[in-house]
>>> print(open('work.csv').read())   # CSV, C-alpha atoms (C1' of nucleotides)
chain,number,residue,atom,x,y,z
R,56,MET,CA,160.1,79.7,78.6
R,57,LEU,CA,163.9,79.2,78.7
R,58,LYS,CA,163.2,75.6,79.8
R,59,PHE,CA,165.7,72.9,79.2
R,60,SER,CA,164.4,70.0,77.1
R,61,LYS,CA,164.1,66.6,78.8
R,62,LYS,CA,167.0,65.3,76.8
R,63,ALA,CA,169.1,68.1,78.2
R,64,ASP,CA,168.0,67.2,81.7
R,65,TYR,CA,168.8,63.6,81.1
R,66,ALA,CA,172.2,64.5,79.7
R,67,LEU,CA,173.1,66.6,82.7
R,68,LEU,CA,171.9,64.0,85.1
R,69,SER,CA,173.9,61.3,83.4
R,70,LEU,CA,177.1,63.3,83.3
R,71,GLN,CA,176.7,64.2,87.0
R,72,TYR,CA,176.1,60.6,87.8
R,73,MET,CA,179.1,59.4,85.9
R,74,ALA,CA,181.3,62.0,87.4
R,75,THR,CA,180.2,61.1,90.9
R,76,VAL,CA,180.6,57.4,90.4
R,77,GLN,CA,184.1,57.7,89.1
R,78,SER,CA,185.2,60.2,91.6
R,79,GLY,CA,187.7,58.8,94.1
R,80,ILE,CA,188.9,56.2,91.7
R,81,ASP,CA,192.0,57.6,90.1
R,82,ALA,CA,193.6,54.9,87.9
R,83,THR,CA,190.6,53.1,86.4
R,84,PRO,CA,187.7,55.3,85.5
R,85,ARG,CA,184.6,53.2,86.1
R,86,VAL,CA,182.6,52.3,83.1
R,87,VAL,CA,178.8,52.7,83.5
R,88,ASN,CA,176.2,51.5,81.1
R,89,THR,CA,172.9,53.0,79.9
R,90,LYS,CA,170.7,50.7,81.9
R,91,GLU,CA,172.3,51.6,85.2
R,92,ILE,CA,171.7,55.3,84.7
R,93,ALA,CA,168.2,54.8,83.4
R,94,GLU,CA,167.2,52.7,86.4
R,95,GLU,CA,168.9,55.1,88.8
R,96,HIS,CA,167.0,58.1,87.6
R,97,ASN,CA,163.9,56.3,86.4
R,98,ILE,CA,164.0,57.5,82.8
R,99,PRO,CA,163.2,55.5,79.6
R,100,VAL,CA,166.2,53.4,78.6
R,101,GLU,CA,166.0,53.9,74.8
R,102,LEU,CA,165.7,57.6,74.9
R,103,LEU,CA,168.6,57.8,77.3
R,104,ALA,CA,170.6,55.7,74.9
R,105,LYS,CA,170.1,58.2,72.2
R,106,VAL,CA,171.2,61.0,74.5
R,107,LEU,CA,174.4,59.2,75.4
R,108,GLN,CA,175.1,58.4,71.8
R,109,THR,CA,174.9,62.1,71.0
R,110,LEU,CA,177.2,62.9,73.9
R,111,ALA,CA,179.7,60.3,72.7
R,112,ARG,CA,179.5,61.6,69.2
R,113,HIS,CA,180.6,64.9,70.5
R,114,GLN,CA,183.3,63.3,72.6
R,115,LEU,CA,182.0,64.5,75.9
R,116,ILE,CA,181.9,60.8,76.9
R,117,GLU,CA,183.7,57.8,75.6
R,118,SER,CA,182.0,54.6,74.6
R,119,HIS,CA,184.0,51.7,76.0
R,120,HIS,CA,183.8,48.7,73.7
R,121,ASN,CA,180.6,46.9,73.0
R,122,GLY,CA,179.5,43.7,74.6
R,123,PRO,CA,179.4,42.8,78.3
R,124,LYS,CA,181.3,45.1,80.6
R,125,GLY,CA,180.8,47.8,78.0
R,126,GLY,CA,179.5,51.2,78.6
R,127,TYR,CA,180.4,54.8,78.9
R,128,ALA,CA,182.9,56.9,80.8
R,129,LEU,CA,183.6,60.6,80.9
R,130,GLY,CA,185.9,61.7,78.1
R,131,ARG,CA,187.6,64.3,80.2
R,132,GLU,CA,187.7,65.4,83.7
R,133,PRO,CA,184.4,66.9,85.0
R,134,ARG,CA,185.8,70.3,85.2
R,135,ALA,CA,186.6,70.3,81.5
R,136,ILE,CA,183.0,69.7,80.5
R,137,THR,CA,181.1,72.9,80.5
R,138,LEU,CA,177.3,73.2,80.5
R,139,ALA,CA,177.4,75.1,77.3
R,140,GLN,CA,179.1,72.2,75.6
R,141,VAL,CA,176.6,69.8,76.9
R,142,LEU,CA,173.6,71.9,75.8
R,143,GLU,CA,175.1,72.6,72.4
R,144,ALA,CA,175.8,68.9,71.8
R,145,ILE,CA,172.2,67.9,72.7
R,146,GLU,CA,170.2,70.8,71.3
R,147,GLY,CA,172.4,72.1,68.5
R,148,PRO,CA,173.8,75.6,68.4
R,149,LEU,CA,172.3,77.8,71.0
R,150,GLY,CA,171.2,81.3,70.6
R,151,LEU,CA,168.3,83.6,71.6
R,152,THR,CA,167.3,84.3,68.0
R,153,ASP,CA,167.5,82.7,64.6
R,154,CYS,CA,169.7,85.3,63.3
R,155,SER,CA,172.5,84.5,65.7
R,156,HIS,CA,174.1,82.0,63.5
R,157,GLU,CA,173.5,83.0,59.9
R,158,LYS,CA,177.1,83.8,59.1
R,159,ASP,CA,176.6,83.4,55.4
R,160,ASP,CA,173.6,85.4,54.5
R,161,HIS,CA,171.0,87.3,56.4
R,162,SER,CA,168.2,86.7,53.9
R,163,GLN,CA,166.4,84.7,56.5
R,164,CYS,CA,165.6,87.8,58.5
R,165,GLU,CA,163.9,89.8,55.9
R,166,GLN,CA,160.8,89.9,58.0
R,167,MET,CA,162.6,92.1,60.5
R,168,ASN,CA,164.2,94.3,58.0
R,169,HIS,CA,164.2,97.1,60.5
R,170,CYS,CA,165.1,95.0,63.5
R,171,ASN,CA,166.4,97.3,66.2
R,172,ILE,CA,166.8,94.9,69.0
R,173,ARG,CA,169.5,92.7,67.6
R,174,THR,CA,172.5,94.3,69.3
R,175,PRO,CA,171.0,94.4,72.8
R,176,LEU,CA,169.8,90.8,72.5
R,177,PHE,CA,173.2,89.7,71.5
R,178,LYS,CA,174.6,91.3,74.6
R,179,ILE,CA,172.2,89.3,76.7
R,180,GLN,CA,173.0,86.2,74.8
R,181,GLU,CA,176.7,86.7,75.4
R,182,SER,CA,176.1,87.0,79.1
R,183,ILE,CA,174.2,83.7,79.2
R,184,PHE,CA,176.9,82.0,77.2
R,185,GLN,CA,179.5,83.2,79.6
R,186,LEU,CA,177.4,81.9,82.4
R,187,LEU,CA,176.9,78.5,80.9
R,188,ASN,CA,180.6,78.3,79.9
R,189,SER,CA,181.7,79.2,83.4
R,190,MET,CA,180.0,76.2,84.9
R,191,SER,CA,181.1,72.6,84.5
R,192,ILE,CA,179.9,69.2,85.5
R,193,GLU,CA,182.1,69.5,88.5
R,194,ASP,CA,179.9,72.3,89.7
R,195,LEU,CA,176.9,69.9,89.6
R,196,MET,CA,178.6,67.7,92.1
R,197,VAL,CA,177.6,69.4,95.3
R,198,GLU,CA,176.0,68.1,98.4
R,199,GLU,CA,172.3,68.3,97.7
R,200,THR,CA,169.9,69.9,100.0
R,201,PRO,CA,166.8,67.8,99.7
R,202,MET,CA,164.3,70.3,98.3
R,203,ILE,CA,164.6,74.0,97.7
R,204,PHE,CA,161.9,76.1,96.5
R,205,VAL,CA,162.7,79.4,94.8
R,206,GLU,CA,159.9,81.4,96.3
R,207,SER,CA,159.9,84.7,94.5
R,208,LEU,CA,160.5,84.4,90.8
R,209,LYS,CA,158.6,87.6,90.3
R,210,PRO,CA,160.6,90.7,89.9
R,211,GLN,CA,160.8,92.4,93.3
R,212,GLY,CA,160.0,95.9,92.6
R,213,VAL,CA,161.0,97.8,89.5
R,214,PRO,CA,164.4,99.5,89.1
R,215,SER,CA,163.7,103.2,88.7
M,208,MET,CA,168.2,75.9,72.5
M,209,LEU,CA,167.4,78.8,74.7
M,210,LYS,CA,165.7,80.4,71.8
M,211,PHE,CA,163.0,83.0,72.2
M,212,SER,CA,159.7,82.2,70.6
M,213,LYS,CA,158.6,84.4,67.8
M,214,LYS,CA,155.9,85.8,70.0
M,215,ALA,CA,158.5,87.0,72.4
M,216,ASP,CA,160.5,88.5,69.6
M,217,TYR,CA,157.4,90.3,68.4
M,218,ALA,CA,156.6,91.6,71.8
M,219,LEU,CA,160.1,93.0,72.3
M,220,LEU,CA,160.1,94.6,68.9
M,221,SER,CA,156.7,96.2,69.5
M,222,LEU,CA,157.7,97.5,72.9
M,223,GLN,CA,160.9,99.0,71.6
M,224,TYR,CA,159.0,100.6,68.7
M,225,MET,CA,156.4,102.1,71.0
M,226,ALA,CA,159.0,103.4,73.3
M,227,THR,CA,160.9,104.9,70.5
M,228,VAL,CA,157.9,106.5,68.9
M,229,GLN,CA,156.7,108.2,72.1
M,230,SER,CA,160.1,109.4,73.2
M,231,GLY,CA,160.4,113.1,73.0
M,232,ILE,CA,156.8,113.6,73.5
M,233,ASP,CA,156.2,114.3,77.1
M,234,ALA,CA,152.6,115.3,77.6
M,235,THR,CA,150.6,113.1,75.2
M,236,PRO,CA,152.0,109.6,74.8
M,237,ARG,CA,151.3,108.7,71.2
M,238,VAL,CA,148.9,105.9,70.6
M,239,VAL,CA,150.0,103.4,68.0
M,240,ASN,CA,147.8,100.6,66.5
M,241,THR,CA,148.5,97.1,65.6
M,242,LYS,CA,148.6,97.5,61.9
M,243,GLU,CA,151.3,100.1,62.1
M,244,ILE,CA,153.6,98.0,64.0
M,245,ALA,CA,152.9,94.9,61.9
M,246,GLU,CA,153.7,96.8,58.7
M,247,GLU,CA,156.7,98.4,60.1
M,248,HIS,CA,158.3,95.1,61.0
M,249,ASN,CA,156.6,92.9,58.4
M,250,ILE,CA,154.9,90.4,60.7
M,251,PRO,CA,151.4,89.0,60.4
M,252,VAL,CA,148.9,91.4,61.9
M,253,GLU,CA,146.6,88.9,63.6
M,254,LEU,CA,149.4,87.2,65.5
M,255,LEU,CA,150.8,90.5,66.6
M,256,ALA,CA,147.4,91.5,67.8
M,257,LYS,CA,147.3,88.5,70.1
M,258,VAL,CA,150.7,89.4,71.4
M,259,LEU,CA,149.7,92.9,72.2
M,260,GLN,CA,146.5,91.6,73.8
M,261,THR,CA,148.6,89.5,76.1
M,262,LEU,CA,150.8,92.4,77.0
M,263,ALA,CA,147.8,94.6,77.7
M,264,ARG,CA,146.3,91.9,79.9
M,265,HIS,CA,149.5,92.0,81.9
M,266,GLN,CA,149.3,95.8,82.0
M,267,LEU,CA,152.6,96.3,80.3
M,268,ILE,CA,150.8,98.3,77.7
M,269,GLU,CA,147.4,100.1,77.8
M,270,SER,CA,144.7,99.7,75.3
M,271,HIS,CA,143.3,103.0,74.3
M,272,HIS,CA,139.6,102.9,73.4
M,273,ASN,CA,138.4,100.9,70.4
M,274,GLY,CA,137.2,102.3,67.1
M,275,PRO,CA,139.1,104.7,64.9
M,276,LYS,CA,142.1,106.4,66.4
M,277,GLY,CA,142.3,103.5,68.9
M,278,GLY,CA,145.5,101.6,69.7
M,279,TYR,CA,148.0,100.9,72.4
M,280,ALA,CA,150.5,102.9,74.4
M,281,LEU,CA,153.1,101.9,77.0
M,282,GLY,CA,151.6,101.4,80.4
M,283,ARG,CA,154.7,102.7,82.2
M,284,GLU,CA,158.0,104.3,81.3
M,285,PRO,CA,160.3,102.1,79.3
M,286,ARG,CA,162.7,101.7,82.2
M,287,ALA,CA,160.0,100.2,84.3
M,288,ILE,CA,159.4,97.3,82.0
M,289,THR,CA,162.0,94.6,82.4
M,290,LEU,CA,162.7,91.9,79.9
M,291,ALA,CA,161.8,89.3,82.5
M,292,GLN,CA,158.3,90.8,82.8
M,293,VAL,CA,157.8,90.7,79.1
M,294,LEU,CA,158.9,87.2,78.7
M,295,GLU,CA,156.9,86.0,81.6
M,296,ALA,CA,153.8,87.7,80.2
M,297,ILE,CA,154.2,86.1,76.9
M,298,GLU,CA,155.5,82.6,77.7
M,299,GLY,CA,154.2,82.0,81.2
M,300,PRO,CA,156.4,81.5,84.2
M,301,LEU,CA,160.0,81.0,83.2
M,302,GLY,CA,162.3,78.4,84.6
M,303,LEU,CA,164.9,76.0,83.4
M,304,THR,CA,163.1,72.9,84.8
M,305,ASP,CA,159.5,71.9,85.4
M,306,CYS,CA,160.2,71.6,89.1
M,307,SER,CA,161.0,75.3,89.4
M,308,HIS,CA,157.4,76.2,90.2
M,309,GLU,CA,155.7,73.3,91.9
M,310,LYS,CA,155.2,75.0,95.2
M,311,ASP,CA,152.4,72.8,96.3
M,312,ASP,CA,153.6,69.2,95.7
M,313,HIS,CA,156.6,67.7,94.1
M,314,SER,CA,154.8,64.6,92.9
M,315,GLN,CA,155.5,65.6,89.4
M,316,CYS,CA,159.1,65.0,89.7
M,317,GLU,CA,159.0,61.4,90.8
M,318,GLN,CA,160.9,60.3,87.8
M,319,MET,CA,163.9,62.1,89.1
M,320,ASN,CA,163.6,60.9,92.6
M,321,HIS,CA,167.3,61.1,93.1
M,322,CYS,CA,167.7,64.3,91.2
M,323,ASN,CA,171.0,65.7,92.2
M,324,ILE,CA,171.3,68.7,89.9
M,325,ARG,CA,168.4,70.8,91.2
M,326,THR,CA,170.3,73.1,93.4
M,327,PRO,CA,173.1,74.0,90.9
M,328,LEU,CA,170.5,74.5,88.2
M,329,PHE,CA,168.5,76.8,90.4
M,330,LYS,CA,171.6,78.9,90.8
M,331,ILE,CA,172.0,79.2,87.1
M,332,GLN,CA,168.4,80.0,86.8
M,333,GLU,CA,168.7,82.7,89.4
M,334,SER,CA,171.5,84.3,87.5
M,335,ILE,CA,169.6,84.4,84.3
M,336,PHE,CA,166.6,85.9,86.1
M,337,GLN,CA,168.8,88.6,87.5
M,338,LEU,CA,170.1,89.3,84.1
M,339,LEU,CA,166.7,89.5,82.5
M,340,ASN,CA,165.4,91.7,85.3
M,341,SER,CA,168.3,94.1,85.1
M,342,MET,CA,167.5,95.0,81.5
M,343,SER,CA,164.5,97.0,80.5
M,344,ILE,CA,162.9,98.2,77.3
M,345,GLU,CA,165.0,101.3,77.6
M,346,ASP,CA,168.1,99.3,77.2
M,347,LEU,CA,166.7,98.2,73.8
M,348,MET,CA,166.7,101.7,72.6
M,349,VAL,CA,170.2,102.1,71.5
M,350,GLU,CA,171.6,103.3,68.2
M,351,GLU,CA,171.8,100.2,66.1
M,352,THR,CA,174.9,99.2,64.3
M,353,PRO,CA,173.5,97.8,61.0
M,354,MET,CA,174.6,94.2,61.3
M,355,ILE,CA,176.7,92.5,63.8
M,356,PHE,CA,177.7,88.9,63.7
M,357,VAL,CA,178.8,87.1,66.8
M,358,GLU,CA,181.6,85.1,65.4
M,359,SER,CA,182.7,82.6,68.0
M,360,LEU,CA,179.9,81.1,69.9
M,361,LYS,CA,182.0,78.1,70.6
M,362,PRO,CA,183.7,77.9,73.9
M,363,GLN,CA,187.2,79.3,73.5
M,364,GLY,CA,189.3,76.9,75.3
M,365,VAL,CA,188.4,75.0,78.4
M,366,PRO,CA,188.8,76.4,81.9
M,367,SER,CA,191.2,74.2,83.6
X,8,DG,C1',122.4,105.8,63.2
X,9,DA,C1',125.4,103.6,60.1
X,10,DA,C1',129.9,102.6,58.9
X,11,DT,C1',134.5,101.8,60.0
X,12,DC,C1',138.0,100.4,62.7
X,13,DT,C1',139.7,98.4,66.7
X,14,DC,C1',140.2,94.9,70.5
X,15,DC,C1',139.2,90.2,71.8
X,16,DG,C1',138.4,85.1,72.2
X,17,DA,C1',138.0,80.7,69.7
X,18,DC,C1',139.6,77.7,66.2
X,19,DC,C1',142.8,74.9,63.1
X,20,DG,C1',146.9,73.2,60.7
X,21,DA,C1',152.0,72.5,61.1
X,22,DA,C1',156.1,71.5,63.4
X,23,DA,C1',158.9,70.1,67.1
X,24,DC,C1',159.6,67.1,70.7
X,25,DC,C1',159.3,62.8,73.5
X,26,DA,C1',159.2,58.2,73.3
X,27,DT,C1',159.3,53.6,71.1
X,28,DC,C1',160.5,49.8,68.3
X,29,DG,C1',163.5,46.8,65.5
X,30,DG,C1',167.7,45.5,63.7
X,31,DA,C1',172.9,45.3,62.9
X,32,DG,C1',177.5,44.9,64.8
X,33,DC,C1',180.8,43.7,68.2
X,34,DA,C1',183.3,42.0,72.2
X,35,DA,C1',183.4,39.1,76.1
X,36,DA,C1',181.9,34.9,78.4
X,37,DT,C1',180.8,30.1,78.0
C,58,DA,C1',182.5,28.4,67.8
C,59,DT,C1',178.4,29.7,69.8
C,60,DT,C1',175.8,32.4,72.8
C,61,DT,C1',175.0,36.5,75.4
C,62,DG,C1',174.6,41.2,76.4
C,63,DC,C1',175.7,45.6,75.2
C,64,DT,C1',176.4,49.6,72.1
C,65,DC,C1',174.9,51.9,68.0
C,66,DC,C1',171.8,53.5,64.1
C,67,DG,C1',167.7,54.2,61.5
C,68,DA,C1',162.8,54.5,61.0
C,69,DT,C1',158.2,55.3,63.1
C,70,DG,C1',154.1,57.0,65.9
C,71,DG,C1',151.7,59.9,69.4
C,72,DT,C1',151.5,64.2,71.8
C,73,DT,C1',152.1,68.8,72.9
C,74,DT,C1',153.4,73.3,71.7
C,75,DC,C1',153.6,76.9,68.5
C,76,DG,C1',152.5,79.8,64.5
C,77,DG,C1',149.0,81.5,62.1
C,78,DT,C1',143.9,82.4,60.8
C,79,DC,C1',139.1,83.4,61.3
C,80,DG,C1',134.8,85.6,62.8
C,81,DG,C1',132.4,88.3,66.4
C,82,DA,C1',131.8,92.2,69.9
C,83,DG,C1',132.5,97.0,71.1
C,84,DA,C1',133.4,101.8,70.5
C,85,DT,C1',134.2,106.0,68.0
C,86,DT,C1',133.8,108.9,64.2
C,87,DC,C1',131.2,110.9,60.5
>>> encode(input="work.csv", output="structure tokens")
Amino acid sequence: MLKFSKKADYALLSLQYMATVQSGIDATPRVVNTKEIAEEHNIPVELLAKVLQTLARHQLIESHHNGPKGGYALGREPRAITLAQVLEAIEGPLGLTDCSHEKDDHSQCEQMNHCNIRTPLFKIQESIFQLLNSMSIEDLMVEETPMIFVESLKPQGVPS
Amino acid sequence: MLKFSKKADYALLSLQYMATVQSGIDATPRVVNTKEIAEEHNIPVELLAKVLQTLARHQLIESHHNGPKGGYALGREPRAITLAQVLEAIEGPLGLTDCSHEKDDHSQCEQMNHCNIRTPLFKIQESIFQLLNSMSIEDLMVEETPMIFVESLKPQGVPS
DNA sequence: GAATCTCCGACCGAAACCATCGGAGCAAAT
DNA sequence: ATTTGCTCCGATGGTTTCGGTCGGAGATTC
């Protein structure tokens, strides 16, 4: 539950990689191609290509001319690319429920005609959005501790 | 993306309904059966049955004797049932990535041998957990404004 | 004791997702 | 001008998850 799709993982990995690679170089942002990222992270090239295409279509990255020396580079500075933007580009509009986006009609949700949990769920949704919007690619560029295990995912005692 | 499954929706609806129904009655918690909930919210009975079974197995609700007059009731007070518990019961252990739970070995994640986004993602994950753990069934029992549309899901300007 | 109603586990089709393949277009290098 | 290597785009297949359905087992009421 709440798991990112692999495409989303690949997108985040790629963006972080591109940001790291071109950091320190001010004038000429380095162009990096699909194959390089794929080999670096050991993911299938063709699938990654599709992910990068999608990111380019949403202008999160720029495709620098075809042919040799071609490739991608970040479209903006890392800080200006939020995680919400990335996820939305890859997975489409995000929301906890189906009825989050039906601006036009709410006929879809007839099955829950007496739906009483909409409002509180929207509040949760809003909090998650805020969280994902507050973090950018820049925040992914931290020195990495090799392996961290989150031990207790279980709720530690019940709020009473 | 980030969407709840229908089973999760059904679970939350049911719990909220059971909590509402038995509120005001102090001594004898009212037992409610599957059919009643299903008809109330217009969802398939058999599927809802499975959801309730799962909830019972995780002791979020109690199954009161079979036969006529049988049914379910909340296992604890609404405040003691967090959303995280519900989701985890229905969907299994929740985490943004696959490598969130591999306590034993990390062989699974060979494909991302140079995975550099683990730590920041775990931070996001932790925040979401905290959020889902801070809200309980009780928080779902609010007076409902008939229909609310969240208008702007899009990021409103970029943090610079 | 029979009937009725419930909980419970097993089963099946549908849909989404991951991954793959082939081809077209284009710019740079030769 | 030709070749090379890369980006793009569409169509396709296999696999897993999810939504939904079915029949059986157990208990209580009449």
>>> interface_residues(input="work.csv", of="chain M", to="chain R", cutoff="6 Å", atoms="only C-alpha atoms", output="mmCIF file with C-alpha atoms, keeping the file's coordinate frame")
data_model
loop_
_atom_site.group_PDB
_atom_site.id
_atom_site.type_symbol
_atom_site.label_atom_id
_atom_site.label_comp_id
_atom_site.auth_asym_id
_atom_site.auth_seq_id
_atom_site.Cartn_x
_atom_site.Cartn_y
_atom_site.Cartn_z
ATOM 1 C CA MET M 208 168.200 75.900 72.500
ATOM 2 C CA LEU M 209 167.400 78.800 74.700
ATOM 3 C CA LYS M 210 165.700 80.400 71.800
ATOM 4 C CA PHE M 211 163.000 83.000 72.200
ATOM 5 C CA HIS M 248 158.300 95.100 61.000
ATOM 6 C CA ASN M 249 156.600 92.900 58.400
ATOM 7 C CA ALA M 287 160.000 100.200 84.300
ATOM 8 C CA GLU M 298 155.500 82.600 77.700
ATOM 9 C CA LEU M 301 160.000 81.000 83.200
ATOM 10 C CA GLY M 302 162.300 78.400 84.600
ATOM 11 C CA LEU M 303 164.900 76.000 83.400
ATOM 12 C CA THR M 304 163.100 72.900 84.800
ATOM 13 C CA GLN M 318 160.900 60.300 87.800
ATOM 14 C CA MET M 319 163.900 62.100 89.100
ATOM 15 C CA ILE M 324 171.300 68.700 89.900
ATOM 16 C CA PRO M 327 173.100 74.000 90.900
ATOM 17 C CA LEU M 347 166.700 98.200 73.800
ATOM 18 C CA VAL M 365 188.400 75.000 78.400
#
>>> closest_residue(input="work.csv", among="M:Lys214, M:His265, M:Arg237, M:His271", to="X:DC14", atoms="all atoms listed in the file")
M:His271
>>> residues_near_point(input="work.csv", point="(178.2, 39.4, 76.7)", cutoff="6 Å", atoms="all atoms listed in the file", output="number ranges by chain")
R: 122-123; X: 35; C: 61-62
>>> write_last_selection(input="work.csv", atoms="C-alpha atoms (C1' of nucleotides)", output="PDB file, keeping the file's coordinate frame")
ATOM      1  CA  GLY R 122     179.500  43.700  74.600  1.00  0.00           C
ATOM      2  CA  PRO R 123     179.400  42.800  78.300  1.00  0.00           C
TER       3      PRO R 123
ATOM      4  C1'  DA X  35     183.400  39.100  76.100  1.00  0.00           C
TER       5       DA X  35
ATOM      6  C1'  DT C  61     175.000  36.500  75.400  1.00  0.00           C
ATOM      7  C1'  DG C  62     174.600  41.200  76.400  1.00  0.00           C
TER       8       DG C  62
END
>>> interface_residues(input="work.csv", of="chain R", to="chain C", cutoff="10 Å", atoms="all atoms listed in the file", output="count of residues only")
16
>>> interface_residues(input="work.csv", of="chain X", to="chain R", cutoff="10 Å", atoms="only C-alpha atoms (C1' of nucleotides)", output="number ranges by chain")
X: 24-28, 32-36
>>> residues_near_point(input="work.csv", point="(153.6, 91.8, 81.4)", cutoff="6 Å", atoms="all atoms listed in the file", output="CSV table (one decimal) with C-alpha atoms, in the coordinates of the input")
chain,number,residue,atom,x,y,z
M,262,LEU,CA,150.8,92.4,77.0
M,265,HIS,CA,149.5,92.0,81.9
M,266,GLN,CA,149.3,95.8,82.0
M,267,LEU,CA,152.6,96.3,80.3
M,292,GLN,CA,158.3,90.8,82.8
M,293,VAL,CA,157.8,90.7,79.1
M,296,ALA,CA,153.8,87.7,80.2
>>> atom_distance(input="work.csv", atom1="atom CA of R:Ser78", atom2="atom CA of R:Pro133")
9.4 Å
>>> atom_distance(input="work.csv", atom1="atom CA of R:Ile116", atom2="atom CA of R:Ser69")
10.3 Å
>>> atom_distance(input="work.csv", atom1="atom C1' of X:DT11", atom2="atom CA of M:Met225")
24.5 Å
